[in-house]
>>> print(open('protein-v3.txt').read())   # compact mmCIF, C-alpha atoms and all ligand atoms
# COMPACT_ATOMS: atom_id res chain seq x y z
CA MET A 1 42.47 -19.86 17.63
CA ALA A 2 40.85 -16.82 19.31
CA LYS A 3 38.09 -15.11 17.34
CA ASP A 4 38.95 -11.87 15.57
CA LEU A 5 36.50 -9.66 17.44
CA TYR A 6 37.01 -6.64 15.17
CA GLU A 7 35.93 -8.83 12.26
CA GLU A 8 32.93 -10.00 14.29
CA LEU A 9 32.00 -6.36 15.01
CA CYS A 10 32.22 -5.48 11.30
CA LYS A 11 29.92 -8.44 10.56
CA PHE A 12 27.48 -7.31 13.27
CA TYR A 13 27.33 -3.82 11.72
CA GLU A 14 26.89 -5.32 8.26
CA VAL A 15 23.68 -6.98 9.46
CA PHE A 16 22.29 -3.43 9.66
CA MET A 17 23.98 -1.84 6.70
CA GLY A 18 24.97 -4.44 4.18
CA PRO A 19 28.63 -4.40 3.05
CA LEU A 20 30.54 -1.64 4.87
CA PRO A 21 32.07 1.01 2.64
CA TRP A 22 35.83 1.50 3.17
CA ARG A 23 35.81 -1.73 5.21
CA ASP A 24 39.59 -1.81 5.91
CA GLU A 25 39.60 1.81 7.09
CA PHE A 26 36.48 1.19 9.15
CA ARG A 27 38.17 -1.75 10.84
CA ARG A 28 41.31 0.30 11.55
CA ALA A 29 39.15 3.04 13.09
CA LEU A 30 37.48 0.40 15.29
CA GLU A 31 40.89 -0.86 16.41
CA GLU A 32 41.69 2.68 17.59
CA THR A 33 38.28 3.01 19.24
CA VAL A 34 38.07 -0.12 21.43
CA THR A 35 40.37 -2.88 22.70
CA GLN A 36 39.86 -6.63 22.21
CA GLU A 37 39.15 -6.92 25.94
CA GLU A 38 36.38 -4.30 25.68
CA LEU A 39 34.99 -6.04 22.62
CA ALA A 40 34.82 -9.32 24.55
CA VAL A 41 32.46 -7.51 26.95
CA PHE A 42 30.53 -6.01 24.01
CA PHE A 43 29.76 -9.53 22.74
CA LEU A 44 28.29 -10.49 26.12
CA VAL A 45 25.47 -8.01 25.37
CA PRO A 46 22.71 -9.66 23.30
CA MET A 47 22.38 -8.77 19.64
CA SER A 48 18.86 -7.46 20.23
CA GLY A 49 17.26 -6.11 23.41
CA SER A 50 19.12 -5.45 26.63
CA ALA A 51 20.91 -7.45 29.34
CA PRO A 52 21.19 -6.51 33.02
CA LEU A 53 24.69 -5.55 34.09
CA SER A 54 24.41 -8.27 36.77
CA LYS A 55 24.15 -10.89 34.00
CA LEU A 56 27.32 -9.54 32.37
CA GLU A 57 29.05 -9.73 35.77
CA ARG A 58 28.20 -13.45 35.97
CA ARG A 59 29.34 -14.21 32.42
CA ALA A 60 32.49 -12.05 32.19
CA ARG A 61 35.81 -13.62 33.07
CA LEU A 62 36.92 -10.35 34.61
CA PRO A 63 37.00 -8.80 38.08
CA ALA A 64 33.97 -6.51 38.54
CA THR A 65 36.03 -3.30 38.52
CA GLU A 66 37.60 -4.21 35.15
CA LEU A 67 34.19 -5.14 33.76
CA TYR A 68 32.73 -1.77 34.84
CA ALA A 69 35.68 0.03 33.23
CA CYS A 70 35.04 -1.83 29.95
CA VAL A 71 31.30 -1.05 30.09
CA GLU A 72 32.07 2.62 30.74
CA ARG A 73 34.49 2.78 27.78
CA LEU A 74 32.10 0.96 25.44
CA ALA A 75 29.30 3.35 26.42
CA SER A 76 31.45 6.48 26.06
CA GLU A 77 32.53 5.33 22.57
CA GLY A 78 28.91 4.70 21.51
CA LEU A 79 29.16 0.91 21.14
CA ILE A 80 26.58 0.27 23.83
CA MET A 81 23.92 2.19 25.70
CA VAL A 82 23.68 1.82 29.47
CA TYR A 83 20.51 2.83 31.29
CA THR A 84 18.17 1.94 34.13
CA HIS A 85 15.19 -0.32 33.42
CA ASP A 86 12.84 -1.63 36.14
CA GLY A 87 15.38 -0.53 38.75
CA GLN A 88 18.26 -2.43 37.11
CA THR A 89 21.27 -1.14 35.17
CA VAL A 90 21.02 -2.66 31.69
CA CYS A 91 23.25 -2.64 28.59
CA GLU A 92 22.15 -2.64 24.97
CA ARG A 93 24.21 -2.72 21.77
CA GLY A 94 24.18 0.46 19.69
CA ASN A 95 23.76 0.18 15.94
CA PRO A 96 26.51 1.52 13.63
CA ALA A 97 24.71 4.84 13.10
CA TYR A 98 24.56 5.44 16.88
CA MET A 99 28.25 4.58 17.27
CA THR A 100 29.37 6.93 14.51
CA GLU A 101 27.14 9.74 15.85
CA GLN A 102 28.93 9.58 19.19
CA GLN A 103 32.33 9.50 17.47
CA VAL A 104 31.50 12.54 15.35
CA ARG A 105 30.47 14.50 18.45
CA LYS A 106 33.86 14.08 20.11
CA ALA A 107 35.65 17.42 20.38
CA GLU A 108 38.95 16.22 18.90
CA ASP A 109 40.73 16.84 15.67
CA THR A 110 41.90 13.32 14.79
CA PRO A 111 42.01 11.22 11.60
CA ARG A 112 39.69 8.75 13.37
CA ARG A 113 36.97 11.38 13.89
CA ALA A 114 37.46 12.62 10.31
CA PHE A 115 36.98 9.05 9.05
CA TYR A 116 33.80 8.51 11.07
CA ALA A 117 32.46 11.85 9.73
CA ARG A 118 33.16 10.73 6.15
CA PHE A 119 31.51 7.38 6.90
CA PHE A 120 28.39 8.96 8.48
CA ASN A 121 28.19 11.44 5.61
CA SER A 122 27.92 8.51 3.17
CA ILE A 123 24.82 7.41 5.14
CA LEU A 124 23.41 10.96 5.08
CA ASN A 125 23.94 11.16 1.33
CA GLY A 126 22.21 7.83 0.77
CA GLU A 127 25.39 6.26 -0.66
CA VAL A 128 25.08 3.68 2.12
CA SER A 129 21.61 2.52 3.03
CA ILE A 130 20.92 1.34 6.57
CA ALA A 131 19.09 -1.87 5.75
CA ILE A 132 17.44 -2.44 9.14
CA PRO A 133 14.41 -4.53 8.13
CA THR A 134 11.90 -2.76 10.38
CA LYS A 135 8.61 -0.97 9.84
CA THR A 136 8.15 1.19 12.93
CA PRO A 137 9.83 4.60 12.58
CA TYR A 138 12.25 5.61 15.36
CA TYR A 139 11.15 9.26 15.27
CA ARG A 140 7.96 11.23 14.84
CA VAL A 141 7.49 14.82 13.70
CA LEU A 142 5.88 17.32 16.07
CA PRO A 143 4.26 20.32 14.37
CA VAL A 144 5.37 23.92 14.89
CA GLU A 145 3.75 24.48 18.26
CA GLY A 146 1.80 27.62 17.33
CA THR A 147 -0.04 25.71 14.61
CA VAL A 148 -1.70 23.29 17.05
CA SER A 149 -1.68 25.07 20.40
CA GLU A 150 -2.78 28.48 21.69
CA SER A 151 0.13 28.47 24.15
CA GLY A 152 2.61 28.22 21.29
CA ALA A 153 0.74 30.84 19.29
CA ARG A 154 1.00 33.34 22.18
CA ARG A 155 4.75 33.26 22.56
CA VAL A 156 7.01 36.33 22.05
CA ILE A 157 6.87 36.20 18.25
CA PRO A 158 3.16 35.45 17.74
CA VAL A 159 1.96 32.97 15.18
CA GLU A 160 -1.20 34.24 13.50
CA VAL A 161 -2.94 31.00 12.61
CA ASP A 162 -6.14 29.18 13.49
CA VAL A 163 -5.30 26.32 15.82
CA PRO A 164 -7.36 23.09 15.89
CA ASP A 165 -10.00 22.44 18.55
CA PRO A 166 -7.95 22.03 21.78
CA ARG A 167 -9.90 18.82 22.58
CA ALA A 168 -8.31 17.17 19.54
CA VAL A 169 -4.78 18.23 20.49
CA LEU A 170 -3.00 15.79 22.79
CA PRO A 171 0.20 16.28 24.80
CA VAL A 172 1.91 13.97 22.26
CA ASP A 173 1.33 16.70 19.64
CA VAL A 174 2.83 19.62 21.56
CA VAL A 175 6.59 19.89 21.90
CA SER A 176 6.62 22.04 25.07
CA GLU A 177 4.18 19.61 26.77
CA MET A 178 6.33 16.59 25.97
CA ILE A 179 9.45 18.27 27.30
CA ARG A 180 7.75 19.65 30.43
CA ARG A 181 6.13 16.32 31.29
CA ASP A 182 9.08 14.01 30.68
CA ALA A 183 12.27 15.91 31.35
CA ASP A 184 13.69 15.82 34.87
CA SER A 185 17.05 16.77 33.44
CA ILE A 186 17.78 18.36 30.06
CA ALA A 187 20.98 18.79 28.08
CA VAL A 188 21.81 20.11 24.62
CA ALA A 189 24.30 18.51 22.23
CA ASP A 190 25.55 19.34 18.76
CA CYS A 191 23.32 18.11 15.95
CA TYR A 192 25.42 15.20 14.64
CA CYS A 193 24.03 15.48 11.10
CA ARG A 194 24.96 19.17 10.75
CA LEU A 195 28.26 18.55 12.56
CA THR A 196 29.10 15.74 10.15
CA LYS A 197 28.32 17.97 7.17
CA ARG A 198 30.55 20.70 8.64
CA LEU A 199 33.39 18.24 9.19
CA VAL A 200 33.29 17.14 5.55
CA GLY A 201 33.06 20.74 4.30
CA GLU A 202 29.38 20.67 3.35
CA GLY A 203 27.92 22.51 6.37
CA CYS A 204 24.81 24.68 6.23
CA GLY A 205 24.20 27.92 8.13
CA HIS A 206 21.86 26.47 10.78
CA ALA A 207 22.77 26.39 14.46
CA LEU A 208 24.66 23.35 15.77
CA GLN A 209 23.50 23.23 19.40
CA THR A 210 19.95 22.04 18.77
CA CYS A 211 19.80 18.37 19.84
CA LEU A 212 17.91 18.24 23.15
CA VAL A 213 18.37 15.10 25.23
CA PHE A 214 16.64 14.12 28.45
CA ASN A 215 17.08 12.16 31.65
CA ARG A 216 19.29 9.05 31.22
CA VAL A 217 20.54 10.13 27.79
CA ALA A 218 21.23 13.66 29.08
CA GLU A 219 23.11 12.30 32.09
CA ALA A 220 25.17 9.95 29.89
CA LEU A 221 26.11 12.58 27.28
CA VAL A 222 26.96 15.17 29.96
CA ASP A 223 29.19 12.53 31.61
CA TYR A 224 30.90 11.78 28.27
CA GLY A 225 31.43 15.52 27.70
CA THR A 226 29.33 15.70 24.52
CA ALA A 227 26.35 17.65 25.93
CA ARG A 228 25.78 20.59 28.29
CA ARG A 229 23.09 20.73 30.96
CA ILE A 230 20.39 23.39 30.38
CA SER A 231 17.13 24.63 31.97
CA TYR A 232 13.61 24.12 30.63
CA ASP A 233 13.53 27.81 29.62
CA GLU A 234 16.72 27.48 27.58
CA ALA A 235 15.36 24.32 25.96
CA MET A 236 12.23 26.22 24.91
CA ARG A 237 14.32 29.12 23.57
CA ILE A 238 16.14 26.58 21.35
CA ILE A 239 12.77 25.16 20.24
CA TRP A 240 11.33 28.59 19.30
CA GLU A 241 14.52 29.60 17.44
CA ALA A 242 14.46 26.29 15.57
CA GLU A 243 10.89 26.96 14.43
CA GLU A 244 11.77 30.44 13.24
CA ALA A 245 14.74 29.00 11.32
CA GLY A 246 12.47 26.48 9.56
CA LEU A 247 13.73 23.39 11.40
CA VAL A 248 11.50 20.36 12.03
CA HIS A 249 11.00 18.92 15.54
CA ASN A 250 11.46 15.16 15.81
CA VAL A 251 10.88 13.12 19.00
CA ASP A 252 11.01 9.42 19.86
CA ASN A 253 7.99 7.82 18.21
CA CYS A 254 6.19 7.01 21.48
CA GLU A 255 3.60 8.48 23.84
CA GLY A 256 6.02 9.57 26.50
CA GLU A 257 9.34 9.33 28.29
CA ILE A 258 10.99 10.78 25.22
CA THR A 259 14.78 10.69 25.21
CA SER A 260 15.46 13.45 22.67
CA VAL A 261 14.10 16.24 20.49
CA CYS A 262 16.01 16.75 17.23
CA ASN A 263 15.54 20.00 15.32
CA CYS A 264 16.18 18.97 11.75
CA CYS A 265 17.07 20.86 8.58
CA PRO A 266 16.13 19.40 5.19
CA CYS A 267 19.67 19.74 3.87
CA CYS A 268 21.58 17.71 6.53
CA SER A 269 19.15 15.67 8.67
CA ILE A 270 19.32 11.92 8.23
CA LEU A 271 15.58 11.77 9.03
CA LEU A 272 14.47 14.37 6.50
CA THR A 273 16.85 13.32 3.72
CA SER A 274 15.81 9.67 4.20
CA TRP A 275 12.14 10.74 3.97
CA GLN A 276 12.90 12.76 0.84
CA ARG A 277 14.38 9.56 -0.68
CA GLY A 278 11.17 7.66 0.08
CA MET A 279 12.41 5.75 3.15
CA THR A 280 9.53 5.52 5.61
CA ASN A 281 10.92 3.52 8.54
CA ALA A 282 13.08 6.28 10.05
CA ASP A 283 10.61 9.12 10.54
CA SER A 284 6.84 9.24 10.99
CA PRO A 285 4.61 12.17 10.01
CA SER A 286 2.91 14.11 12.83
CA ARG A 287 -0.72 13.31 13.66
CA TYR A 288 -1.72 16.29 11.45
CA ARG A 289 -1.98 17.15 7.80
CA VAL A 290 -2.45 20.53 6.13
CA ALA A 291 -5.81 21.87 4.95
CA TYR A 292 -5.33 24.43 2.15
CA GLU A 293 -7.82 27.19 1.35
CA ALA A 294 -7.38 28.17 -2.28
CA ASP A 295 -9.52 31.34 -1.99
CA ALA A 296 -6.99 32.89 0.40
CA CYS A 297 -3.92 31.94 -1.62
CA ILE A 298 -2.07 34.50 -3.78
CA ALA A 299 0.39 31.94 -5.22
CA CYS A 300 3.39 33.73 -3.72
CA GLU A 301 5.32 30.42 -3.36
CA THR A 302 6.66 31.28 0.13
CA CYS A 303 5.34 27.99 1.50
CA LEU A 304 7.05 26.05 -1.31
CA GLU A 305 10.40 27.46 -0.24
CA ARG A 306 9.67 26.62 3.42
CA CYS A 307 8.45 23.04 2.93
CA PRO A 308 11.26 20.66 3.97
CA THR A 309 9.98 17.72 1.92
CA MET A 310 9.12 19.42 -1.39
CA ALA A 311 5.54 18.29 -0.86
CA ARG A 312 4.10 21.50 -2.36
CA SER A 313 3.99 22.74 -5.92
CA ILE A 314 1.97 25.34 -7.83
CA VAL A 315 -0.26 24.32 -10.70
CA ASP A 316 -2.47 26.93 -12.41
CA GLU A 317 -1.76 29.40 -9.59
CA LEU A 318 -3.00 26.99 -6.96
CA VAL A 319 -0.94 25.02 -4.44
CA VAL A 320 -0.98 21.24 -4.85
CA ILE A 321 0.06 19.19 -1.81
CA ASP A 322 1.53 15.73 -2.24
CA GLU A 323 0.00 14.07 0.85
CA ALA A 324 2.41 11.14 0.67
CA ARG A 325 5.40 13.47 1.04
CA CYS A 326 3.89 15.75 3.73
CA LEU A 327 5.31 15.24 7.23
CA GLY A 328 2.73 17.48 8.92
CA CYS A 329 5.43 19.79 10.28
CA GLY A 330 3.33 22.98 10.03
CA LEU A 331 6.12 25.12 8.56
CA CYS A 332 3.95 26.04 5.56
CA VAL A 333 1.22 27.19 7.97
CA THR A 334 3.45 29.72 9.72
CA ALA A 335 5.14 30.75 6.46
CA CYS A 336 1.85 31.83 4.83
CA ARG A 337 0.91 35.46 5.56
CA GLN A 338 -2.50 34.96 3.94
CA GLY A 339 -3.72 32.30 6.39
CA ALA A 340 -4.31 29.86 3.53
CA ASN A 341 -3.13 26.78 5.48
CA ARG A 342 -4.10 25.21 8.79
CA MET A 343 -3.46 21.94 10.55
CA VAL A 344 -6.17 19.26 10.79
CA LEU A 345 -6.00 15.84 12.41
CA ARG A 346 -5.35 12.98 10.02
CA ASP A 347 -8.26 10.53 9.75
CA GLN A 348 -6.11 7.52 10.57
CA GLN A 349 -3.63 7.52 13.42
CA ALA A 350 -0.89 4.96 14.04
CA ARG A 351 -0.89 3.45 17.55
CA LEU A 352 2.08 4.80 19.50
CA PRO A 353 4.19 2.62 21.81
CA LYS A 354 3.84 3.83 25.41
CA THR A 355 7.49 4.59 26.11
CA ALA A 356 10.80 4.86 24.28
CA GLU A 357 11.81 1.50 25.75
CA ASP A 358 8.63 -0.12 24.35
CA LEU A 359 9.42 1.53 21.01
CA TYR A 360 12.97 0.17 20.88
CA ARG A 361 11.84 -3.30 21.97
CA GLN A 362 9.23 -3.27 19.17
CA ILE A 363 11.84 -2.16 16.60
CA GLY A 364 14.27 -4.80 17.95
CA ARG A 365 11.65 -7.55 17.46
CA GLU A 366 10.94 -6.34 13.93
CA ALA A 367 14.68 -6.30 13.15
CA MET A 368 15.17 -9.88 14.38
CA ILE A 369 12.19 -11.15 12.36
CA GLY A 370 13.28 -9.17 9.31
CA ILE A 371 16.86 -10.44 9.50
CA ALA A 372 15.63 -14.03 9.86
CA LEU A 373 13.40 -13.56 6.80
CA GLN A 374 16.28 -12.03 4.85
CA LYS A 375 18.41 -15.07 5.66
CA LEU A 376 15.63 -17.45 4.64
CA THR A 377 14.88 -15.72 1.38
CA GLY A 378 18.40 -14.50 0.63
CA LEU A 379 16.98 -11.05 0.01
CA VAL A 380 18.12 -7.80 1.60
CA ARG A 381 15.43 -5.15 1.63
CA ARG A 382 16.75 -1.64 1.08
CA SER A 383 14.26 0.67 2.81
S1 LIG A 401 2.46 31.00 1.21
FE1 LIG A 401 0.21 31.06 1.33
S2 LIG A 401 -0.33 32.51 -0.25
FE2 LIG A 401 1.76 31.95 -0.70
S3 LIG A 401 1.56 30.22 -2.14
FE3 LIG A 401 1.68 29.33 -0.08
S4 LIG A 401 -0.47 29.08 0.53
FE4 LIG A 401 -0.47 30.50 -1.20
S1 LIG A 402 3.30 20.58 3.17
FE1 LIG A 402 5.50 20.65 3.69
S2 LIG A 402 5.70 22.37 5.13
FE2 LIG A 402 3.54 21.86 5.01
S3 LIG A 402 3.20 20.46 6.73
FE3 LIG A 402 3.61 19.19 4.90
S4 LIG A 402 5.81 18.82 4.99
FE4 LIG A 402 5.42 20.52 6.38
>>> encode(input="protein-v3.txt", output="structure tokens")
Amino acid sequence: MAKDLYEELCKFYEVFMGPLPWRDEFRRALEETVTQEELAVFFLVPMSGSAPLSKLERRARLPATELYACVERLASEGLIMVYTHDGQTVCERGNPAYMTEQQVRKAEDTPRRAFYARFFNSILNGEVSIAIPTKTPYYRVLPVEGTVSESGARRVIPVEVDVPDPRAVLPVDVVSEMIRRDADSIAVADCYCRLTKRLVGEGCGHALQTCLVFNRVAEALVDYGTARRISYDEAMRIIWEAEEAGLVHNVDNCEGEITSVCNCCPCCSILLTSWQRGMTNADSPSRYRVAYEADACIACETCLERCPTMARSIVDELVVIDEARCLGCGLCVTACRQGANRMVLRDQQARLPKTAEDLYRQIGREAMIGIALQKLTGLVRRS
């Protein structure tokens, strides 16, 4: 008897998430999303890492044109990612969060999209925990640019803060540098966290078009109609407006070749809400922490309202910073009119993977080892 590939896909997603909520509805949504024939191609892609398209061509029992059509559909629905690596077109499975993000971004008013929004919202709310047994965070915070760089401090709305010694500031700390260096093409897409919250009637007032994507991801999302191509100047306008609105920049947790910059709000973002719940394998703090000068502080509490992680409190008219909660975003530095905060390099720095591909390979290895350990011990670690 032929395998039930929708059941197999549910099981694959459960490796990452544990038991799926609303499993029957989830399966029905999958049946509307992809065909059995497309799923047969999906299962030719390895569970972890990527496979060259040429390998799929050899293994598929399909004419090449039909195979390409399946690959295109799987990619446009968010089940796989297709990109160029070492001059080859390669395919990689997307995890369930990636698939639902792409579904939520579709500009259609259908029960299927509404279901995926409800499903993704359960992840955002922490009702469903993504139990990927990895240590390396996918994303890393970049500070408000004007708190670490003179160039950021001199922009149209000036930021009156002391910036660190420029010799200590690296391109991996400065959002405009990372975008300028890595982005041959840039596009902007809706923030899928805020979009999800809007779709379930819990939206906040922050802008939607704030997810910047670059190069292969930009090309793919523009092709699928979920992103719009923009210039470097427009990208930087979005960055500055995000900072003024109190949003936190997040980039791929690597030295370069970033694929995206998210501008996250503490109310909707999966990264910030996961961090607030104590989950440390989704987002990494920036390379900076905050130094606080009590003599300058008037205990006005403005920085407490601005801090996205509730890392600050006032005790005896002095600010206390919970270092373990601080993401080094710099929003408290620009919020303070008294100049009582500044950014300083952390003493210990995590080693960054060179590229986004290295990062995802590293996370893939950790996931495989973690899953094997879970099977051996019968334990599922909830991060
Ligand atoms: S905003 Fe500045 S002055 Fe006000 S409480 Fe925070 S550190 Fe103190
Ligand atoms: S204390 Fe809060 S606002 Fe300040 S850098 Fe840390 S996380 Fe950001």
>>> residues_near_ligand(input="protein-v3.txt", ligand="ligand LIG 402 (chain A)", cutoff="9 Å", atoms="all atoms listed in the file", output="number ranges by chain")
A: 143, 248, 285-286, 288-290, 303-312, 321-323, 325-335, 341-343
>>> residues_around(input="protein-v3.txt", residues="segment 167-170 of chain A", least_positions_apart="3", cutoff="10 Å", atoms="all atoms listed in the file", output="list in words")
Val148, Ser149, Val163, Pro164, Asp173, Val174, Glu177, Met178, Glu255, Arg287, Tyr288, Val344 and Leu345 of chain A
>>> axis_aligned_box(input="protein-v3.txt", around="ligand LIG 401 (chain A)", padding_each_side="5 Å", output="AutoDock Vina command-line options")
--center_x 1.0 --center_y 30.8 --center_z -0.4 --size_x 12.9 --size_y 13.4 --size_z 13.5
>>> closest_atom_pairs(input="protein-v3.txt", of="chain A", to="ligand LIG 401 (chain A)", cutoff="8 Å", atoms="all atoms listed in the file", output="Markdown table")
| residue | atom | partner | partner_atom | distance |
| --- | --- | --- | --- | --- |
| A:Tyr292 | CA | A:LIG401 | S4 | 6.9 |
| A:Glu293 | CA | A:LIG401 | S4 | 7.6 |
| A:Ala294 | CA | A:LIG401 | FE4 | 7.4 |
| A:Ala296 | CA | A:LIG401 | S2 | 6.7 |
| A:Cys297 | CA | A:LIG401 | FE4 | 3.8 |
| A:Ile298 | CA | A:LIG401 | S2 | 4.4 |
| A:Ala299 | CA | A:LIG401 | S3 | 3.7 |
| A:Cys300 | CA | A:LIG401 | FE2 | 3.9 |
| A:Glu301 | CA | A:LIG401 | S3 | 4.0 |
| A:Thr302 | CA | A:LIG401 | S1 | 4.3 |
| A:Cys303 | CA | A:LIG401 | S1 | 4.2 |
| A:Leu304 | CA | A:LIG401 | FE3 | 6.4 |
| A:Ile314 | CA | A:LIG401 | S3 | 7.5 |
| A:Leu318 | CA | A:LIG401 | FE4 | 7.2 |
| A:Val319 | CA | A:LIG401 | S3 | 6.2 |
| A:Cys332 | CA | A:LIG401 | S1 | 6.8 |
| A:Val333 | CA | A:LIG401 | FE1 | 7.8 |
| A:Ala335 | CA | A:LIG401 | S1 | 5.9 |
| A:Cys336 | CA | A:LIG401 | S1 | 3.8 |
| A:Arg337 | CA | A:LIG401 | FE1 | 6.1 |
| A:Gln338 | CA | A:LIG401 | S2 | 5.3 |
| A:Gly339 | CA | A:LIG401 | FE1 | 6.5 |
| A:Ala340 | CA | A:LIG401 | S4 | 4.9 |
| A:Asn341 | CA | A:LIG401 | S4 | 6.1 |
>>> closest_atom_pairs(input="protein-v3.txt", of="segment 72-167 of chain A", to="segment 27-42 of chain A", cutoff="10 Å", atoms="all atoms listed in the file", output="JSON lines")
{"residue": "A:Glu72", "atom": "CA", "partner": "A:Glu38", "partner_atom": "CA", "distance": 9.6}
{"residue": "A:Arg73", "atom": "CA", "partner": "A:Glu38", "partner_atom": "CA", "distance": 7.6}
{"residue": "A:Leu74", "atom": "CA", "partner": "A:Glu38", "partner_atom": "CA", "distance": 6.8}
{"residue": "A:Ala75", "atom": "CA", "partner": "A:Phe42", "partner_atom": "CA", "distance": 9.7}
{"residue": "A:Glu77", "atom": "CA", "partner": "A:Thr33", "partner_atom": "CA", "distance": 7.0}
{"residue": "A:Gly78", "atom": "CA", "partner": "A:Thr33", "partner_atom": "CA", "distance": 9.8}
{"residue": "A:Leu79", "atom": "CA", "partner": "A:Phe42", "partner_atom": "CA", "distance": 7.6}
{"residue": "A:Ile80", "atom": "CA", "partner": "A:Phe42", "partner_atom": "CA", "distance": 7.4}
{"residue": "A:Cys91", "atom": "CA", "partner": "A:Phe42", "partner_atom": "CA", "distance": 9.2}
{"residue": "A:Glu92", "atom": "CA", "partner": "A:Phe42", "partner_atom": "CA", "distance": 9.1}
{"residue": "A:Arg93", "atom": "CA", "partner": "A:Phe42", "partner_atom": "CA", "distance": 7.5}
{"residue": "A:Gln103", "atom": "CA", "partner": "A:Thr33", "partner_atom": "CA", "distance": 9.0}
{"residue": "A:Pro111", "atom": "CA", "partner": "A:Ala29", "partner_atom": "CA", "distance": 8.8}
{"residue": "A:Arg112", "atom": "CA", "partner": "A:Ala29", "partner_atom": "CA", "distance": 5.7}
{"residue": "A:Arg113", "atom": "CA", "partner": "A:Ala29", "partner_atom": "CA", "distance": 8.7}
{"residue": "A:Phe115", "atom": "CA", "partner": "A:Ala29", "partner_atom": "CA", "distance": 7.6}
{"residue": "A:Tyr116", "atom": "CA", "partner": "A:Ala29", "partner_atom": "CA", "distance": 7.9}
>>> residues_around(input="protein-v3.txt", residues="segment 358-371 of chain A", least_positions_apart="3", cutoff="12 Å", atoms="all atoms listed in the file", output="ChimeraX atom specification")
/A:12,14-18,46-50,85,92-95,130-140,251-259,281-282,351-355,374-383
>>> write_last_selection(input="protein-v3.txt", atoms="C-alpha atoms", output="compact mmCIF listing (two decimals), keeping the file's coordinate frame")
# COMPACT_ATOMS: atom_id res chain seq x y z
CA PHE A 12 27.48 -7.31 13.27
CA GLU A 14 26.89 -5.32 8.26
CA VAL A 15 23.68 -6.98 9.46
CA PHE A 16 22.29 -3.43 9.66
CA MET A 17 23.98 -1.84 6.70
CA GLY A 18 24.97 -4.44 4.18
CA PRO A 46 22.71 -9.66 23.30
CA MET A 47 22.38 -8.77 19.64
CA SER A 48 18.86 -7.46 20.23
CA GLY A 49 17.26 -6.11 23.41
CA SER A 50 19.12 -5.45 26.63
CA HIS A 85 15.19 -0.32 33.42
CA GLU A 92 22.15 -2.64 24.97
CA ARG A 93 24.21 -2.72 21.77
CA GLY A 94 24.18 0.46 19.69
CA ASN A 95 23.76 0.18 15.94
CA ILE A 130 20.92 1.34 6.57
CA ALA A 131 19.09 -1.87 5.75
CA ILE A 132 17.44 -2.44 9.14
CA PRO A 133 14.41 -4.53 8.13
CA THR A 134 11.90 -2.76 10.38
CA LYS A 135 8.61 -0.97 9.84
CA THR A 136 8.15 1.19 12.93
CA PRO A 137 9.83 4.60 12.58
CA TYR A 138 12.25 5.61 15.36
CA TYR A 139 11.15 9.26 15.27
CA ARG A 140 7.96 11.23 14.84
CA VAL A 251 10.88 13.12 19.00
CA ASP A 252 11.01 9.42 19.86
CA ASN A 253 7.99 7.82 18.21
CA CYS A 254 6.19 7.01 21.48
CA GLU A 255 3.60 8.48 23.84
CA GLY A 256 6.02 9.57 26.50
CA GLU A 257 9.34 9.33 28.29
CA ILE A 258 10.99 10.78 25.22
CA THR A 259 14.78 10.69 25.21
CA ASN A 281 10.92 3.52 8.54
CA ALA A 282 13.08 6.28 10.05
CA ARG A 351 -0.89 3.45 17.55
CA LEU A 352 2.08 4.80 19.50
CA PRO A 353 4.19 2.62 21.81
CA LYS A 354 3.84 3.83 25.41
CA THR A 355 7.49 4.59 26.11
CA GLN A 374 16.28 -12.03 4.85
CA LYS A 375 18.41 -15.07 5.66
CA LEU A 376 15.63 -17.45 4.64
CA THR A 377 14.88 -15.72 1.38
CA GLY A 378 18.40 -14.50 0.63
CA LEU A 379 16.98 -11.05 0.01
CA VAL A 380 18.12 -7.80 1.60
CA ARG A 381 15.43 -5.15 1.63
CA ARG A 382 16.75 -1.64 1.08
CA SER A 383 14.26 0.67 2.81
>>> atom_distance(input="protein-v3.txt", atom1="atom CA of Gln88 of chain A", atom2="atom CA of Tyr232 of chain A")
27.7 Å
>>> atom_distance(input="protein-v3.txt", atom1="atom CA of Trp275 of chain A", atom2="atom CA of Ile123 of chain A")
13.2 Å
>>> residues_around(input="protein-v3.txt", residues="Arg198 of chain A", least_positions_apart="2", cutoff="12 Å", atoms="only C-alpha atoms", output="JSON, numbers by chain")
{"A": [104, 105, 114, 117, 118, 120, 121, 190, 191, 192, 193, 194, 195, 196, 200, 201, 202, 203, 204, 205, 206, 207, 208, 267, 268]}
>>> closest_residue(input="protein-v3.txt", among="A:Asn250, A:Ser274, A:Val315, A:Ser122", to="Trp22 of chain A", atoms="only C-alpha atoms")
A:Ser122
>>> atom_distance(input="protein-v3.txt", atom1="atom CA of Thr226 of chain A", atom2="atom CA of Thr210 of chain A")
12.7 Å
>>> closest_residue(input="protein-v3.txt", among="A:Asp109, A:Glu145, A:Asp24, A:Glu241", to="Val161 of chain A", atoms="only C-alpha atoms")
A:Glu145
>>> closest_residue(input="protein-v3.txt", among="A:Leu221, A:Ala324, A:Cys264, A:Ala242", to="Met279 of chain A", atoms="only C-alpha atoms")
A:Ala324
>>> closest_residue(input="protein-v3.txt", among="A:Phe43, A:Tyr83, A:Ile238, A:Ala350", to="Asp4 of chain A", atoms="all atoms listed in the file")
A:Phe43
>>> decode(input="protein-v3.txt", residues="segment 232-239 of chain A", atoms="C-alpha atoms", output="compact mmCIF listing (two decimals), in the first residue's frame")
# COMPACT_ATOMS: atom_id res chain seq x y z
CA TYR A 232 19.25 50.64 -0.46
CA ASP A 233 17.96 54.14 0.45
CA GLU A 234 14.42 52.85 1.00
CA ALA A 235 15.78 49.97 3.08
CA MET A 236 17.62 52.45 5.30
CA ARG A 237 14.50 54.62 5.63
CA ILE A 238 12.67 51.52 6.93
CA ILE A 239 15.56 50.85 9.35
